[in-house]
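In what follows, a structure is listed as structure tokens, so that the remarks can point back to it.
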Amino acid sequence: MSTTCEEKVSIPATNPDRFDVRTIVAAVQHAVGTPNGTLGLHEPVFAGNELAYLEECIKSTFVSSVGKFVDRFEHMLEEFTGAKRAIAVVNGTAALHACFRLAGVEPGDEVISPALTFIATTNAIAYCGATPHFVDSSIKTLGMDSRALGTRLDAVAQRSPGGTINRETGRRIAAIVPMHTFGHPVDMDGIAVIARHWDIPLVEDAAESLGSTYNGHAVGSQARLAALSFNGNKIVTTGGGGAILTNDEELGRRAKHLTTTAKVPHKWAFVHDEIGFNYRLPNLNAALGCAQLEQLDGFLNKKRLLAATYDRVFEDVPGVRFAREPEGTSSNYWLNAILLDEAHASLRDEVLTALNAAGFGARPAWTLMHRLPMFATSPRGDLRVAESIERRLINLPSSASIQARDD
């Protein structure tokens, strides 16, 4: 069943004769000033209780997978997101891997994923022995297009006693994993309608979107399973870390058991009742995360101010548009992005070269997953929008520490 709630749109060219790479560099300089050295793409901010909590953790000697900070960090995540359970793990990829296992993804299955995503999404599918199946992105959200998802499933999906299968490959379609690209929430309502119609579990990749909201709710908080990341380049960091969010108490219990080597609680005996994973977040990392979460509201305010400044300075720049948050959402603007008009896509690398030469750590979008040798033979639908975004998108410096200029 397809849905029309997410229409594909194209961005018309704006007077190609006036496009000038120098104008883009000047716009970024106008937004954030001229850097002294290199202004990184996204750098952490340590301006709170980080040192105090780390010292307290070290003095306690509980620096590994047991301690008060890891428990506190989970409770803080639950309070901030509204999810019933948060299970802290060593990184976002581990969180996704565990989510897929909990959703029932098995060797030989397929998982529907956007082609435009960070490789962690696709690697976690492969860890399960499953095959990624790529669908197109939306120009509005930069994430999975619900219309493309519906069209693709209408074309290849078939119900069977064992679940929905891809009739072209014979494999079961075990999950759908939308990812909120650069913090912009995708059309979860439209995707959820399609997932329910085909009876396929949803796993929400919210790795980049802590602090973003969809229809007034924290991204990931309404999901049966969602994954967060706290890598050093995220809005909140634990150095390396991630978390599983769920509103299902039994899934939450299973998630913690599975990610702590499946050890049966006992005062001294070492009994493990299934193959588990040593994925528990160390207390030392959680101490850093607690201090970071205390500052999250301030980080969000600064990042949204920076995004508004970028939006304003690019408003009158020919041949470029700023990637705004989708309607009905509030984005954390983890990474700010501009899109060149299609007419200027061939100049993307020239723009990147000029920005980096001026001290701005700008980067392109990730290489699309189906272009990588490991996934080149994976099934896929029409990816023309994702391919267009890949050609045209440029990420700009986005750290919460950047002081946006308001002149």
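In the structure tokens, chains take letters A, B, ... by order of appearance, with residues numbered from 1 within each chain and ligands from 1 in the order shown.
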
Give me the region 180-230 of chain A side of the contact with region 150-172 of chain A, cut-off 10 Å, one line per residue showing its nearest atom pair and distance in Å at one decimal, counting only C-alpha atoms, sorted by chain and residue number, as a Markdown table.
```
| residue | atom | partner | partner_atom | distance |
| --- | --- | --- | --- | --- |
| A:Gly190 | CA | A:Gly150 | CA | 9.1 |
| A:Ile191 | CA | A:Gly150 | CA | 8.1 |
| A:Val193 | CA | A:Gly150 | CA | 9.4 |
| A:Ile194 | CA | A:Gly150 | CA | 6.3 |
| A:Ala195 | CA | A:Gly150 | CA | 8.9 |
| A:His197 | CA | A:Gly150 | CA | 9.8 |
| A:Trp198 | CA | A:Thr164 | CA | 6.6 |
| A:Asp199 | CA | A:Thr164 | CA | 7.2 |
| A:Ile200 | CA | A:Thr164 | CA | 7.1 |
```

Can I get the selection written as a short mmCIF file (atom, residue, chain, number, x, y, z; two decimals), in the first residue's frame, with all heavy atoms?
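As written to disk, part_3.cif reads:
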```cif
data_model
loop_
_atom_site.label_atom_id
_atom_site.label_comp_id
_atom_site.auth_asym_id
_atom_site.auth_seq_id
_atom_site.Cartn_x
_atom_site.Cartn_y
_atom_site.Cartn_z
N GLY A 190 3.50 8.42 8.19
CA GLY A 190 3.32 7.76 6.91
C GLY A 190 4.03 6.42 6.85
O GLY A 190 3.50 5.44 6.32
N ILE A 191 5.24 6.37 7.39
CA ILE A 191 6.00 5.12 7.39
C ILE A 191 5.33 4.08 8.27
O ILE A 191 5.25 2.89 7.92
CB ILE A 191 7.45 5.39 7.84
CG1 ILE A 191 8.18 6.22 6.77
CG2 ILE A 191 8.21 4.08 8.11
CD1 ILE A 191 9.53 6.75 7.22
N VAL A 193 2.14 3.77 8.97
CA VAL A 193 0.94 3.24 8.30
C VAL A 193 1.33 2.09 7.37
O VAL A 193 0.68 1.03 7.34
CB VAL A 193 0.23 4.36 7.51
CG1 VAL A 193 -0.80 3.78 6.55
CG2 VAL A 193 -0.46 5.34 8.47
N ILE A 194 2.38 2.28 6.61
CA ILE A 194 2.83 1.26 5.66
C ILE A 194 3.37 0.04 6.40
O ILE A 194 3.09 -1.11 6.04
CB ILE A 194 3.90 1.85 4.72
CG1 ILE A 194 3.28 2.95 3.87
CG2 ILE A 194 4.51 0.77 3.83
CD1 ILE A 194 4.29 3.83 3.18
N ALA A 195 4.14 0.26 7.47
CA ALA A 195 4.69 -0.85 8.25
C ALA A 195 3.56 -1.69 8.84
O ALA A 195 3.63 -2.93 8.84
CB ALA A 195 5.59 -0.32 9.35
N HIS A 197 0.48 -1.95 7.67
CA HIS A 197 -0.23 -2.61 6.58
C HIS A 197 0.47 -3.92 6.19
O HIS A 197 -0.19 -4.94 5.94
CB HIS A 197 -0.31 -1.69 5.37
CG HIS A 197 -0.89 -2.33 4.14
ND1 HIS A 197 -2.24 -2.55 4.00
CD2 HIS A 197 -0.31 -2.81 3.02
CE1 HIS A 197 -2.48 -3.14 2.83
NE2 HIS A 197 -1.30 -3.30 2.22
N TRP A 198 1.80 -3.89 6.15
CA TRP A 198 2.55 -5.08 5.76
C TRP A 198 3.00 -5.92 6.95
O TRP A 198 3.67 -6.94 6.78
CB TRP A 198 3.77 -4.66 4.92
CG TRP A 198 3.40 -4.17 3.55
CD1 TRP A 198 3.36 -2.88 3.12
CD2 TRP A 198 3.01 -4.98 2.44
NE1 TRP A 198 2.97 -2.83 1.81
CE2 TRP A 198 2.74 -4.10 1.35
CE3 TRP A 198 2.86 -6.36 2.24
CZ2 TRP A 198 2.34 -4.56 0.10
CZ3 TRP A 198 2.46 -6.82 1.00
CH2 TRP A 198 2.21 -5.93 -0.06
N ASP A 199 2.66 -5.47 8.15
CA ASP A 199 3.01 -6.18 9.38
C ASP A 199 4.52 -6.39 9.48
O ASP A 199 5.01 -7.50 9.73
CB ASP A 199 2.27 -7.53 9.46
CG ASP A 199 2.32 -8.14 10.86
OD1 ASP A 199 2.50 -7.37 11.82
OD2 ASP A 199 2.21 -9.38 10.97
N ILE A 200 5.25 -5.29 9.28
CA ILE A 200 6.71 -5.32 9.37
C ILE A 200 7.13 -4.44 10.55
O ILE A 200 6.73 -3.28 10.63
CB ILE A 200 7.36 -4.79 8.07
CG1 ILE A 200 6.91 -5.62 6.86
CG2 ILE A 200 8.88 -4.82 8.19
CD1 ILE A 200 7.37 -5.04 5.53
#
```

Region 162-249 of chain A: residues DSSP assigns to strand (DSSP E or B), reported as a PyMOL selection string: chain A and resi 163-166+172-176+179+202+204-205+213-214+217-218+226-229+242-246

Taking 4 positions as the minimum chain separation for residues in the same chain, which residues sit within 6 Å of region 39-47 of chain A when counting only C-alpha atoms? Answer as a list in words.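 Counting only the stated atoms, we get Asn233, Gly359, Phe360, Gly361, Pro397, Ser398 and Ser399 of chain A.
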
Pick the closest to Gly67 (chain A) from A:Asn395, A:Asn123, A:Thr367, A:Asn283: which is it, counting only C-alpha atoms? A:Asn283

Please identify all polymer residues within 10 Å of Ser388 (chain A), counting only C-alpha atoms, omitting same-chain residues fewer than 2 positions from it, and present them as JSON, numbers by chain. {"A": [10, 137, 139, 339, 340, 341, 342, 345, 383, 384, 385, 386, 390, 391, 392, 393]}

Written selection (N, CA and C atoms) as a PDB file, in the first residue's frame:
```
ATOM      1  N   SER A  10      11.074  18.845  -6.496  1.00  0.00           N
ATOM      2  CA  SER A  10      12.396  19.220  -6.999  1.00  0.00           C
ATOM      3  C   SER A  10      12.620  20.693  -6.723  1.00  0.00           C
ATOM      4  N   SER A 137      14.929   8.588  -0.645  1.00  0.00           N
ATOM      5  CA  SER A 137      14.793   9.629   0.366  1.00  0.00           C
ATOM      6  C   SER A 137      13.848  10.720  -0.100  1.00  0.00           C
ATOM      7  N   ILE A 139      13.126  14.823  -0.417  1.00  0.00           N
ATOM      8  CA  ILE A 139      13.828  16.092  -0.480  1.00  0.00           C
ATOM      9  C   ILE A 139      13.412  16.996   0.677  1.00  0.00           C
ATOM     10  N   LEU A 339      21.777  22.838   0.044  1.00  0.00           N
ATOM     11  CA  LEU A 339      21.624  22.070  -1.186  1.00  0.00           C
ATOM     12  C   LEU A 339      21.834  22.995  -2.371  1.00  0.00           C
ATOM     13  N   LEU A 340      22.796  22.661  -3.203  1.00  0.00           N
ATOM     14  CA  LEU A 340      22.964  23.396  -4.450  1.00  0.00           C
ATOM     15  C   LEU A 340      21.823  23.032  -5.395  1.00  0.00           C
ATOM     16  N   ASP A 341      21.414  23.966  -6.218  1.00  0.00           N
ATOM     17  CA  ASP A 341      20.463  23.618  -7.274  1.00  0.00           C
ATOM     18  C   ASP A 341      21.068  22.535  -8.151  1.00  0.00           C
ATOM     19  N   GLU A 342      20.227  21.724  -8.737  1.00  0.00           N
ATOM     20  CA  GLU A 342      20.711  20.639  -9.593  1.00  0.00           C
ATOM     21  C   GLU A 342      21.619  21.160 -10.714  1.00  0.00           C
ATOM     22  N   ALA A 345      25.155  21.151  -9.418  1.00  0.00           N
ATOM     23  CA  ALA A 345      25.620  19.981  -8.667  1.00  0.00           C
ATOM     24  C   ALA A 345      27.073  19.641  -8.995  1.00  0.00           C
ATOM     25  N   LEU A 383      16.195   5.232  -6.718  1.00  0.00           N
ATOM     26  CA  LEU A 383      16.909   6.067  -5.738  1.00  0.00           C
ATOM     27  C   LEU A 383      17.261   7.442  -6.304  1.00  0.00           C
ATOM     28  N   ARG A 384      16.459   7.941  -7.221  1.00  0.00           N
ATOM     29  CA  ARG A 384      16.867   9.169  -7.913  1.00  0.00           C
ATOM     30  C   ARG A 384      16.934  10.385  -6.991  1.00  0.00           C
ATOM     31  N   VAL A 385      16.071  10.464  -5.974  1.00  0.00           N
ATOM     32  CA  VAL A 385      16.133  11.624  -5.068  1.00  0.00           C
ATOM     33  C   VAL A 385      17.372  11.529  -4.175  1.00  0.00           C
ATOM     34  N   ALA A 386      17.627  10.355  -3.621  1.00  0.00           N
ATOM     35  CA  ALA A 386      18.834  10.168  -2.803  1.00  0.00           C
ATOM     36  C   ALA A 386      20.091  10.487  -3.613  1.00  0.00           C
ATOM     37  N   GLU A 390      22.774  13.412  -2.754  1.00  0.00           N
ATOM     38  CA  GLU A 390      24.203  13.101  -2.641  1.00  0.00           C
ATOM     39  C   GLU A 390      25.038  14.037  -3.507  1.00  0.00           C
ATOM     40  N   ARG A 391      24.551  14.341  -4.692  1.00  0.00           N
ATOM     41  CA  ARG A 391      25.298  15.219  -5.613  1.00  0.00           C
ATOM     42  C   ARG A 391      25.375  16.651  -5.119  1.00  0.00           C
ATOM     43  N   ARG A 392      24.373  17.090  -4.352  1.00  0.00           N
ATOM     44  CA  ARG A 392      24.187  18.531  -4.132  1.00  0.00           C
ATOM     45  C   ARG A 392      24.389  19.007  -2.703  1.00  0.00           C
ATOM     46  N   LEU A 393      24.408  18.080  -1.738  1.00  0.00           N
ATOM     47  CA  LEU A 393      24.361  18.497  -0.334  1.00  0.00           C
ATOM     48  C   LEU A 393      25.745  18.796   0.214  1.00  0.00           C
TER      49      LEU A 393
END
```

Region 105-330 of chain A: residues DSSP assigns to helix (DSSP H, G or I), reported as number ranges by chain: A: 119-127, 146-156, 181-183, 188-198, 249-259, 283-293, 296-313

As a check of understanding: the span from CA of Thr93 (chain A) to CA of Arg72 (chain A) is 21.9 Å

Mind pulling up the distance from CA of Pro132 (chain A) to CA of Arg380 (chain A)? 8.6 Å

Could you pull the residues within 8 Å of Leu352 (chain A), counting only C-alpha atoms, minus those fewer than 5 positions along the same chain, as JSON, numbers by chain? {"A": [362, 363, 364, 394]}

Could those selected residues go to a file with N, CA and C atoms, as a short mmCIF file (atom, residue, chain, number, x, y, z; two decimals), in the first residue's frame?
```
data_model
loop_
_atom_site.label_atom_id
_atom_site.label_comp_id
_atom_site.auth_asym_id
_atom_site.auth_seq_id
_atom_site.Cartn_x
_atom_site.Cartn_y
_atom_site.Cartn_z
N ALA A 362 33.62 21.95 6.10
CA ALA A 362 32.42 21.48 5.39
C ALA A 362 32.66 20.08 4.83
N ARG A 363 31.57 19.31 4.71
CA ARG A 363 31.66 17.94 4.21
C ARG A 363 30.46 17.64 3.31
N PRO A 364 30.61 16.66 2.41
CA PRO A 364 29.46 16.23 1.60
C PRO A 364 28.61 15.25 2.40
N ILE A 394 25.81 19.84 1.04
CA ILE A 394 27.04 20.23 1.75
C ILE A 394 26.67 20.53 3.19
#
```

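One distance worth recording is that between CA of Ile87 (chain A) and CA of Arg280 (chain A), which is 8.3 Å.
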
Determine, counting only C-alpha atoms, which protein, DNA and RNA residues have an atom within 6 Å of an atom of Leu225 (chain A); residues of the same chain fewer than 5 positions away are not included. Present the result as number ranges by chain. A: 203, 245-246

How would the residues just chosen look if you wrote them out with all heavy atoms as a short mmCIF file (atom, residue, chain, number, x, y, z; two decimals), in the first residue's frame?
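Here's the written file part29.cif:
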```cif
data_model
loop_
_atom_site.label_atom_id
_atom_site.label_comp_id
_atom_site.auth_asym_id
_atom_site.auth_seq_id
_atom_site.Cartn_x
_atom_site.Cartn_y
_atom_site.Cartn_z
N VAL A 203 12.12 -0.19 13.35
CA VAL A 203 13.24 0.15 14.23
C VAL A 203 13.67 1.56 13.84
O VAL A 203 14.04 1.81 12.70
CB VAL A 203 14.41 -0.83 14.08
CG1 VAL A 203 15.62 -0.34 14.86
CG2 VAL A 203 14.01 -2.23 14.55
N LEU A 245 15.95 2.87 23.12
CA LEU A 245 14.72 3.38 23.71
C LEU A 245 13.57 2.43 23.38
O LEU A 245 13.49 1.93 22.26
CB LEU A 245 14.37 4.77 23.18
CG LEU A 245 15.37 5.91 23.39
CD1 LEU A 245 14.82 7.21 22.81
CD2 LEU A 245 15.70 6.09 24.87
N THR A 246 12.71 2.19 24.36
CA THR A 246 11.52 1.38 24.11
C THR A 246 10.42 1.74 25.10
O THR A 246 10.71 2.18 26.22
CB THR A 246 11.83 -0.13 24.20
OG1 THR A 246 10.65 -0.88 23.90
CG2 THR A 246 12.35 -0.52 25.57
#
```

Give me the residues within 12 Å of Thr377 (chain A) as a ChimeraX atom specification, counting only C-alpha atoms and dropping any in the same chain fewer than 5 places off. /A:131-134,169,369-372

Between A:Leu77, A:Leu228, A:Ile244, A:Ala323, single out the one closest to Leu296 (chain A), counting only C-alpha atoms. A:Leu77

List every residue of region 271-356 of chain A that has an atom at most 8 Å from any atom of region 21-28 of chain A, and for each one report the closest atom pair and its distance in Å to one decimal, counting only C-alpha atoms, with rows sorted by chain and then by increasing residue number, as CSV.
```
residue,atom,partner,partner_atom,distance
A:Tyr310,CA,A:Val28,CA,7.2
A:Val313,CA,A:Ala27,CA,5.7
A:Phe314,CA,A:Ala27,CA,6.4
A:Val317,CA,A:Thr23,CA,7.0
A:Glu350,CA,A:Val21,CA,7.5
A:Val351,CA,A:Val21,CA,5.7
A:Ala354,CA,A:Val25,CA,7.0
A:Leu355,CA,A:Val25,CA,5.8
```

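With only C-alpha atoms as the atoms that count, the minimum distance from Gly143 (chain A) to the choices A:Val111, A:Val186, A:Ala206, A:Ile402 is reached by A:Val186.
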